[in-house]
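S.K.: Sending over protein.pdb (PDB, C-alpha atoms, pLDDT in the B column).
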```
ATOM      1  CA  MET A   1       0.000   0.000   0.000  1.00 74.00           C
ATOM      2  CA  ALA A   2       1.430   3.345  -1.061  1.00 82.00           C
ATOM      3  CA  LEU A   3       1.411   6.218   1.415  1.00 90.00           C
ATOM      4  CA  LYS A   4       0.365   9.576   0.000  1.00 94.00           C
ATOM      5  CA  ILE A   5       2.084  12.239   2.102  1.00 97.00           C
ATOM      6  CA  VAL A   6       1.631  15.930   1.325  1.00 97.00           C
ATOM      7  CA  ILE A   7       4.062  18.426   2.808  1.00 98.00           C
ATOM      8  CA  ILE A   8       2.902  22.036   2.928  1.00 97.00           C
ATOM      9  CA  LYS A   9       5.228  24.972   3.678  1.00 96.00           C
ATOM     10  CA  ILE A  10       3.472  28.209   4.565  1.00 96.00           C
ATOM     11  CA  ASP A  11       5.172  31.625   4.549  1.00 95.00           C
ATOM     12  CA  TYR A  12       3.371  34.625   6.057  1.00 89.00           C
ATOM     13  CA  ARG A  13       1.482  32.133   8.222  1.00 86.00           C
ATOM     14  CA  SER A  14      -0.759  34.654   9.972  1.00 86.00           C
ATOM     15  CA  LYS A  15      -2.063  35.897   6.605  1.00 92.00           C
ATOM     16  CA  ARG A  16      -2.240  32.604   4.681  1.00 93.00           C
ATOM     17  CA  VAL A  17      -3.575  30.150   7.248  1.00 90.00           C
ATOM     18  CA  PRO A  18      -7.270  31.087   6.824  1.00 94.00           C
ATOM     19  CA  GLU A  19      -7.113  30.251   3.094  1.00 96.00           C
ATOM     20  CA  VAL A  20      -5.169  27.055   3.758  1.00 97.00           C
ATOM     21  CA  GLN A  21      -7.579  26.002   6.505  1.00 96.00           C
ATOM     22  CA  ASN A  22     -10.560  26.534   4.202  1.00 97.00           C
ATOM     23  CA  ILE A  23      -9.029  24.242   1.567  1.00 97.00           C
ATOM     24  CA  LEU A  24      -8.115  21.602   4.150  1.00 97.00           C
ATOM     25  CA  THR A  25     -11.677  21.700   5.470  1.00 97.00           C
ATOM     26  CA  ASN A  26     -13.003  21.121   1.942  1.00 97.00           C
ATOM     27  CA  PHE A  27     -10.777  18.031   1.650  1.00 96.00           C
ATOM     28  CA  GLY A  28     -11.390  16.941   5.253  1.00 95.00           C
ATOM     29  CA  CYS A  29     -12.792  13.501   4.410  1.00 96.00           C
ATOM     30  CA  ASP A  30      -9.676  12.751   2.316  1.00 95.00           C
ATOM     31  CA  ILE A  31      -7.226  13.550   5.149  1.00 97.00           C
ATOM     32  CA  LYS A  32      -6.291  10.636   7.401  1.00 96.00           C
ATOM     33  CA  VAL A  33      -3.554  12.365   9.460  1.00 97.00           C
ATOM     34  CA  ARG A  34      -2.663  16.039   9.908  1.00 96.00           C
ATOM     35  CA  VAL A  35       0.336  17.387  11.848  1.00 97.00           C
ATOM     36  CA  GLY A  36       1.433  21.025  11.948  1.00 94.00           C
ATOM     37  CA  PHE A  37       4.653  22.656  13.134  1.00 89.00           C
ATOM     38  CA  HIS A  38       5.840  26.210  13.678  1.00 82.00           C
ATOM     39  CA  GLU A  39       8.479  27.709  15.913  1.00 81.00           C
ATOM     40  CA  ALA A  40       7.066  29.447  18.969  1.00 75.00           C
ATOM     41  CA  ALA A  41       8.241  30.882  22.284  1.00 75.00           C
ATOM     42  CA  ASP A  42       6.785  33.119  24.999  1.00 78.00           C
ATOM     43  CA  ASP A  43       7.588  36.251  22.992  1.00 80.00           C
ATOM     44  CA  PHE A  44       7.814  34.879  19.436  1.00 79.00           C
ATOM     45  CA  CYS A  45       5.648  33.039  16.923  1.00 81.00           C
ATOM     46  CA  SER A  46       7.184  32.195  13.550  1.00 86.00           C
ATOM     47  CA  GLU A  47       5.599  33.371  10.317  1.00 87.00           C
ATOM     48  CA  GLN A  48       6.623  30.080   8.674  1.00 92.00           C
ATOM     49  CA  GLY A  49       4.900  26.795   9.263  1.00 92.00           C
ATOM     50  CA  VAL A  50       4.832  23.251   7.952  1.00 96.00           C
ATOM     51  CA  ILE A  51       1.848  20.921   7.731  1.00 96.00           C
ATOM     52  CA  ILE A  52       2.207  17.217   6.974  1.00 98.00           C
ATOM     53  CA  LEU A  53      -0.829  15.286   5.745  1.00 98.00           C
ATOM     54  CA  GLN A  54      -1.486  11.650   5.002  1.00 96.00           C
ATOM     55  CA  LEU A  55      -4.179  11.530   2.328  1.00 95.00           C
ATOM     56  CA  LEU A  56      -6.524   8.795   1.231  1.00 93.00           C
ATOM     57  CA  LYS A  57      -7.274  10.348  -2.203  1.00 91.00           C
ATOM     58  CA  ASN A  58      -7.514  13.570  -4.243  1.00 89.00           C
ATOM     59  CA  GLU A  59      -3.916  14.577  -3.503  1.00 90.00           C
ATOM     60  CA  LYS A  60      -3.362  16.227  -6.906  1.00 94.00           C
ATOM     61  CA  GLU A  61      -6.426  18.445  -6.561  1.00 96.00           C
ATOM     62  CA  LEU A  62      -5.482  19.450  -3.014  1.00 97.00           C
ATOM     63  CA  ILE A  63      -1.903  20.297  -3.995  1.00 97.00           C
ATOM     64  CA  GLN A  64      -3.077  22.334  -6.981  1.00 98.00           C
ATOM     65  CA  GLU A  65      -5.448  24.423  -4.849  1.00 98.00           C
ATOM     66  CA  LEU A  66      -2.838  25.000  -2.143  1.00 98.00           C
ATOM     67  CA  ASN A  67      -0.136  26.015  -4.628  1.00 98.00           C
ATOM     68  CA  GLU A  68      -2.442  28.712  -6.027  1.00 98.00           C
ATOM     69  CA  ILE A  69      -2.049  30.610  -2.731  1.00 97.00           C
ATOM     70  CA  ASP A  70       0.876  33.046  -2.687  1.00 96.00           C
ATOM     71  CA  GLY A  71       3.378  31.990  -0.018  1.00 96.00           C
ATOM     72  CA  VAL A  72       2.206  28.355   0.083  1.00 98.00           C
ATOM     73  CA  ASN A  73       4.174  25.475  -1.410  1.00 98.00           C
ATOM     74  CA  ALA A  74       2.740  21.948  -1.352  1.00 98.00           C
ATOM     75  CA  ALA A  75       4.374  18.776  -2.657  1.00 98.00           C
ATOM     76  CA  LEU A  76       3.541  15.080  -2.753  1.00 96.00           C
ATOM     77  CA  LEU A  77       5.744  12.364  -1.305  1.00 93.00           C
ATOM     78  CA  ASP A  78       4.363   9.057  -2.605  1.00 84.00           C
ATOM     79  CA  ILE A  79       6.099   6.173  -0.818  1.00 86.00           C
TER      80      ILE A  79
END
```
Could I get this structure in the form of structure tokens?
M.R.:
Amino acid sequence: MALKIVIIKIDYRSKRVPEVQNILTNFGCDIKVRVGFHEAADDFCSEQGVIILQLLKNEKELIQELNEIDGVNAALLDI
């Protein structure tokens, strides 16, 4: 069984996350696992973030929609 992993890098996180979240919600039934990372401290929250998804299907459509957002780069790792 092949694993379909999508890695999403988000720049300008505070501005782009609402658009990204809307797309992820639309594909919610296709997402098996979702993990997000960003650097944070008491006085700092990074404007870059990474989201890793394991998808069941529709990975090409999801990646295409995400890559249409300025500052978002999504890629498929099919292993």
S.K.: Excluding Ala2 in chain A and its own-chain neighbours fewer than 3 positions away, which residues fall within 12 Å of it when counting all atoms listed in the file? Please give them as a ChimeraX atom specification.
M.R.: /A:5,54-57,77-79
S.K.: Grab the residues selected above and save them as an mmCIF file, in the coordinates of the input with C-alpha atoms.
M.R.:
```cif
data_model
loop_
_atom_site.group_PDB
_atom_site.id
_atom_site.type_symbol
_atom_site.label_atom_id
_atom_site.label_comp_id
_atom_site.auth_asym_id
_atom_site.auth_seq_id
_atom_site.Cartn_x
_atom_site.Cartn_y
_atom_site.Cartn_z
ATOM 1 C CA ILE A 5 2.084 12.239 2.102
ATOM 2 C CA GLN A 54 -1.486 11.650 5.002
ATOM 3 C CA LEU A 55 -4.179 11.530 2.328
ATOM 4 C CA LEU A 56 -6.524 8.795 1.231
ATOM 5 C CA LYS A 57 -7.274 10.348 -2.203
ATOM 6 C CA LEU A 77 5.744 12.364 -1.305
ATOM 7 C CA ASP A 78 4.363 9.057 -2.605
ATOM 8 C CA ILE A 79 6.099 6.173 -0.818
#
```
S.K.: Can you translate the PyMOL selection byres ((chain A and resi 18-33) around 12) into the concrete residues it hits in this file, as a ChimeraX atom specification?
M.R.: /A:3-17,34-36,49-74
S.K.: How big is the axis-aligned box, and where does its centre sit, when it encloses all atoms of range 57-67 of chain A listed in the file and has 4 Å added on every side, reported in Å to one decimal as lines of an AutoDock Vina configuration file?
M.R.:
```
center_x = -3.8
center_y = 18.2
center_z = -4.6
size_x = 15.4
size_y = 23.7
size_z = 12.8
```
